[in-house]
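Engineer: Let me give you the structure first, and then I'll get to my questions.
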Amino acid sequence: MQTNADKLQKFCCYQERSSWEVRRKMMQLKVPPQEAESLLQNLEAEGFVNDQRFTECYIRGKINSKRWGRMKILMGLRQHGIANEVIAEQLQEIDDAKYKDNLQFLMDRWKQEHPGEAHEKMYRFLMAKGYSASEISQCASNQLLP
């Protein structure tokens with residue numbers, strides 16, 4: 001029979017996990033609170049849980065797969081209980097060229113799928129993806145919107 005520690009190690013090996021996700025899993029497993037903190041400290045010491053590493057992977061995944069903007073990534077990381085210093089440090093590491101390419105791709109795809117629609121709808125779509133109004137405006141002005 002697997003112990004809680006074994007179950008949590010397996011949980012962490014599947015993909016990068018934040019300490020918040022591990023705590024949530026411990027609640028599902030009904031781990032007593034006094035045991036939970038020592039288990040989490042052991043997982044961190046053994047390298048199974050690392051919020052810095054989780055943040056790097058989270059940002060990389062959301063930029064490359066979902067094409068999210070900084071604001072949406074920031075909110076997602078805050079939901080995971082990541083420290084603001086870690087978030088700020090990792091957001092600085094985002095490749096500006098890739099970020100702008102993502103915004104441009106989303107803008108072009110939206111225009112192709114919604115020809116003749118008001119640009120306000122495109123702005124709302126891009127803001128929901130996590131891009132700021134200034135980033136969207138700058139990208140749009142570079143395209144010289146009709």
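Each chain in the structure tokens gets a letter, A, B, ..., in the order shown, and its residues are numbered from 1; ligands are numbered from 1 in order too.
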I'd like the contact shell of Gly61 in chain A - 12 Å cut-off, only C-alpha atoms, skipping same-chain residues fewer than 5 positions apart - returned as a list in words.

Structural biologist: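 Answer for this query is Gln15, Glu16, Phe54, Thr55, Glu56, Lys66, Arg67, Trp68, Gly69, Ile73 and Ile94 of chain A.
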
Engineer: Neighbours of Cys139 in chain A within 12 Å (only C-alpha atoms; same-chain residues fewer than 3 positions away dropped), as a ChimeraX atom specification?

Structural biologist: /A:99-108,123,126,131-136,142-145

Engineer: Could you check how far CA of Leu29 in chain A sits from CA of Asp51 in chain A, in Å to one decimal?

Structural biologist: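 If I compute the distance from CA of Leu29 in chain A to CA of Asp51 in chain A, I get 21.3 Å.
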
Engineer: Could you name the residues that touch His119 in chain A at 10 Å or less, counting only C-alpha atoms, but leaving out those on the same chain fewer than 4 positions away, as a tab-separated table (two decimals) with N, CA and C atoms, in the first residue's frame?

Structural biologist:
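Contents of the output file around_35.tsv:
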```
chain	number	residue	atom	x	y	z
A	110	TRP	N	-7.90	36.64	-35.52
A	110	TRP	CA	-9.20	37.20	-35.20
A	110	TRP	C	-9.77	37.94	-36.40
A	111	LYS	N	-8.95	38.73	-37.06
A	111	LYS	CA	-9.41	39.49	-38.24
A	111	LYS	C	-9.85	38.55	-39.35
A	114	HIS	N	-13.21	36.97	-38.27
A	114	HIS	CA	-14.30	37.94	-38.06
A	114	HIS	C	-14.14	39.14	-39.00
A	115	PRO	N	-14.19	38.93	-40.30
A	115	PRO	CA	-14.00	40.06	-41.22
A	115	PRO	C	-15.14	41.07	-41.09
A	123	TYR	N	-10.33	44.05	-29.56
A	123	TYR	CA	-9.64	44.54	-28.37
A	123	TYR	C	-10.09	43.78	-27.14
A	124	ARG	N	-11.40	43.56	-27.00
A	124	ARG	CA	-11.91	42.81	-25.83
A	124	ARG	C	-11.38	41.38	-25.84
A	125	PHE	N	-11.35	40.76	-27.01
A	125	PHE	CA	-10.82	39.40	-27.13
A	125	PHE	C	-9.36	39.35	-26.68
A	140	ALA	N	-1.67	47.21	-33.14
A	140	ALA	CA	-2.65	47.62	-34.14
A	140	ALA	C	-2.15	48.80	-34.97
A	145	LEU	N	-4.53	49.78	-38.95
A	145	LEU	CA	-5.88	49.25	-39.08
A	145	LEU	C	-6.71	50.13	-40.00
A	146	PRO	N	-7.54	49.52	-40.82
A	146	PRO	CA	-8.43	50.32	-41.69
A	146	PRO	C	-9.52	50.98	-40.91
```

Engineer: For Gly81 in chain A, which of A:Gln52, A:Gly130, A:Ser137, A:Gly116 is the closest residue, counting only C-alpha atoms?

Structural biologist: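 Distance minimum relative to Gly81 in chain A lands on A:Gln52.
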
Engineer: Step one, run DSSP on the backbone; step two, keep only residues of range 1-99 of chain A assigned to alpha helix (DSSP H); then write them as a PDB file with C-alpha atoms, in the first residue's frame.

Structural biologist:
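Output file part29.pdb follows:
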```
ATOM      1  CA  ASN A   4       0.859   9.630   1.425  1.00  0.00           C
ATOM      2  CA  ALA A   5       4.459  10.601   0.722  1.00  0.00           C
ATOM      3  CA  ASP A   6       4.637   8.114  -2.156  1.00  0.00           C
ATOM      4  CA  LYS A   7       1.334   9.345  -3.583  1.00  0.00           C
ATOM      5  CA  LEU A   8       2.501  12.957  -3.413  1.00  0.00           C
ATOM      6  CA  GLN A   9       5.842  12.141  -5.038  1.00  0.00           C
ATOM      7  CA  LYS A  10       4.007  10.421  -7.870  1.00  0.00           C
ATOM      8  CA  PHE A  11       1.678  13.429  -8.141  1.00  0.00           C
ATOM      9  CA  CYS A  12       4.671  15.767  -8.411  1.00  0.00           C
ATOM     10  CA  CYS A  13       6.534  13.589 -10.919  1.00  0.00           C
ATOM     11  CA  TYR A  14       3.682  13.706 -13.422  1.00  0.00           C
ATOM     12  CA  SER A  19       3.061  24.154  -3.341  1.00  0.00           C
ATOM     13  CA  TRP A  20      -0.601  25.285  -3.471  1.00  0.00           C
ATOM     14  CA  GLU A  21      -1.493  22.327  -5.722  1.00  0.00           C
ATOM     15  CA  VAL A  22       0.332  19.933  -3.404  1.00  0.00           C
ATOM     16  CA  ARG A  23      -1.508  21.325  -0.371  1.00  0.00           C
ATOM     17  CA  ARG A  24      -4.799  20.895  -2.215  1.00  0.00           C
ATOM     18  CA  LYS A  25      -3.887  17.296  -3.059  1.00  0.00           C
ATOM     19  CA  MET A  26      -3.022  16.646   0.581  1.00  0.00           C
ATOM     20  CA  MET A  27      -6.490  17.867   1.553  1.00  0.00           C
ATOM     21  CA  GLN A  28      -8.004  15.411  -0.948  1.00  0.00           C
ATOM     22  CA  PRO A  33      -2.485  19.304   8.998  1.00  0.00           C
ATOM     23  CA  GLN A  34       0.458  18.590  11.327  1.00  0.00           C
ATOM     24  CA  GLU A  35       1.783  15.982   8.871  1.00  0.00           C
ATOM     25  CA  ALA A  36       1.038  18.093   5.783  1.00  0.00           C
ATOM     26  CA  GLU A  37       3.643  20.796   6.387  1.00  0.00           C
ATOM     27  CA  SER A  38       6.430  18.316   7.101  1.00  0.00           C
ATOM     28  CA  LEU A  39       5.495  16.361   3.957  1.00  0.00           C
ATOM     29  CA  LEU A  40       5.608  19.561   1.893  1.00  0.00           C
ATOM     30  CA  GLN A  41       8.990  20.525   3.360  1.00  0.00           C
ATOM     31  CA  ASN A  42      10.349  17.063   2.519  1.00  0.00           C
ATOM     32  CA  LEU A  43       9.033  17.302  -1.042  1.00  0.00           C
ATOM     33  CA  GLU A  44      10.680  20.709  -1.424  1.00  0.00           C
ATOM     34  CA  ALA A  45      13.956  19.455   0.047  1.00  0.00           C
ATOM     35  CA  ASP A  51       7.648  27.215  -6.953  1.00  0.00           C
ATOM     36  CA  GLN A  52      10.393  28.930  -8.971  1.00  0.00           C
ATOM     37  CA  ARG A  53      10.610  26.011 -11.392  1.00  0.00           C
ATOM     38  CA  PHE A  54       6.804  25.745 -11.521  1.00  0.00           C
ATOM     39  CA  THR A  55       6.575  29.438 -12.423  1.00  0.00           C
ATOM     40  CA  GLU A  56       9.079  29.057 -15.270  1.00  0.00           C
ATOM     41  CA  CYS A  57       7.192  26.086 -16.714  1.00  0.00           C
ATOM     42  CA  TYR A  58       3.806  27.750 -16.260  1.00  0.00           C
ATOM     43  CA  ILE A  59       4.892  30.889 -18.103  1.00  0.00           C
ATOM     44  CA  ARG A  60       6.608  28.948 -20.875  1.00  0.00           C
ATOM     45  CA  GLY A  61       3.522  26.769 -21.384  1.00  0.00           C
ATOM     46  CA  ARG A  70       1.335  38.913 -19.147  1.00  0.00           C
ATOM     47  CA  MET A  71      -1.765  40.000 -17.236  1.00  0.00           C
ATOM     48  CA  LYS A  72      -3.534  36.639 -17.566  1.00  0.00           C
ATOM     49  CA  ILE A  73      -0.345  34.769 -16.657  1.00  0.00           C
ATOM     50  CA  LEU A  74       0.084  37.019 -13.615  1.00  0.00           C
ATOM     51  CA  MET A  75      -3.443  36.269 -12.418  1.00  0.00           C
ATOM     52  CA  GLY A  76      -2.979  32.525 -12.928  1.00  0.00           C
ATOM     53  CA  LEU A  77       0.238  32.511 -10.913  1.00  0.00           C
ATOM     54  CA  ARG A  78      -1.384  34.511  -8.122  1.00  0.00           C
ATOM     55  CA  GLN A  79      -4.139  31.887  -7.968  1.00  0.00           C
ATOM     56  CA  ASN A  84       4.985  38.384  -6.205  1.00  0.00           C
ATOM     57  CA  GLU A  85       8.798  38.618  -6.302  1.00  0.00           C
ATOM     58  CA  VAL A  86       9.060  35.272  -8.104  1.00  0.00           C
ATOM     59  CA  ILE A  87       6.320  36.273 -10.546  1.00  0.00           C
ATOM     60  CA  ALA A  88       7.910  39.634 -11.329  1.00  0.00           C
ATOM     61  CA  GLU A  89      11.330  38.058 -11.839  1.00  0.00           C
ATOM     62  CA  GLN A  90      10.005  35.395 -14.211  1.00  0.00           C
ATOM     63  CA  LEU A  91       7.758  37.777 -16.182  1.00  0.00           C
ATOM     64  CA  ASP A  96       9.653  40.105 -26.217  1.00  0.00           C
ATOM     65  CA  ALA A  97       9.862  38.919 -29.829  1.00  0.00           C
ATOM     66  CA  LYS A  98       7.865  35.765 -29.079  1.00  0.00           C
ATOM     67  CA  TYR A  99       5.369  37.773 -27.036  1.00  0.00           C
TER      68      TYR A  99
END
```

Engineer: What is the CA of Asn64 in chain A-CA of Glu120 in chain A distance in Å, reported with one decimal?

Structural biologist: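 Between CA of Asn64 in chain A and CA of Glu120 in chain A the gap is 25.5 Å.
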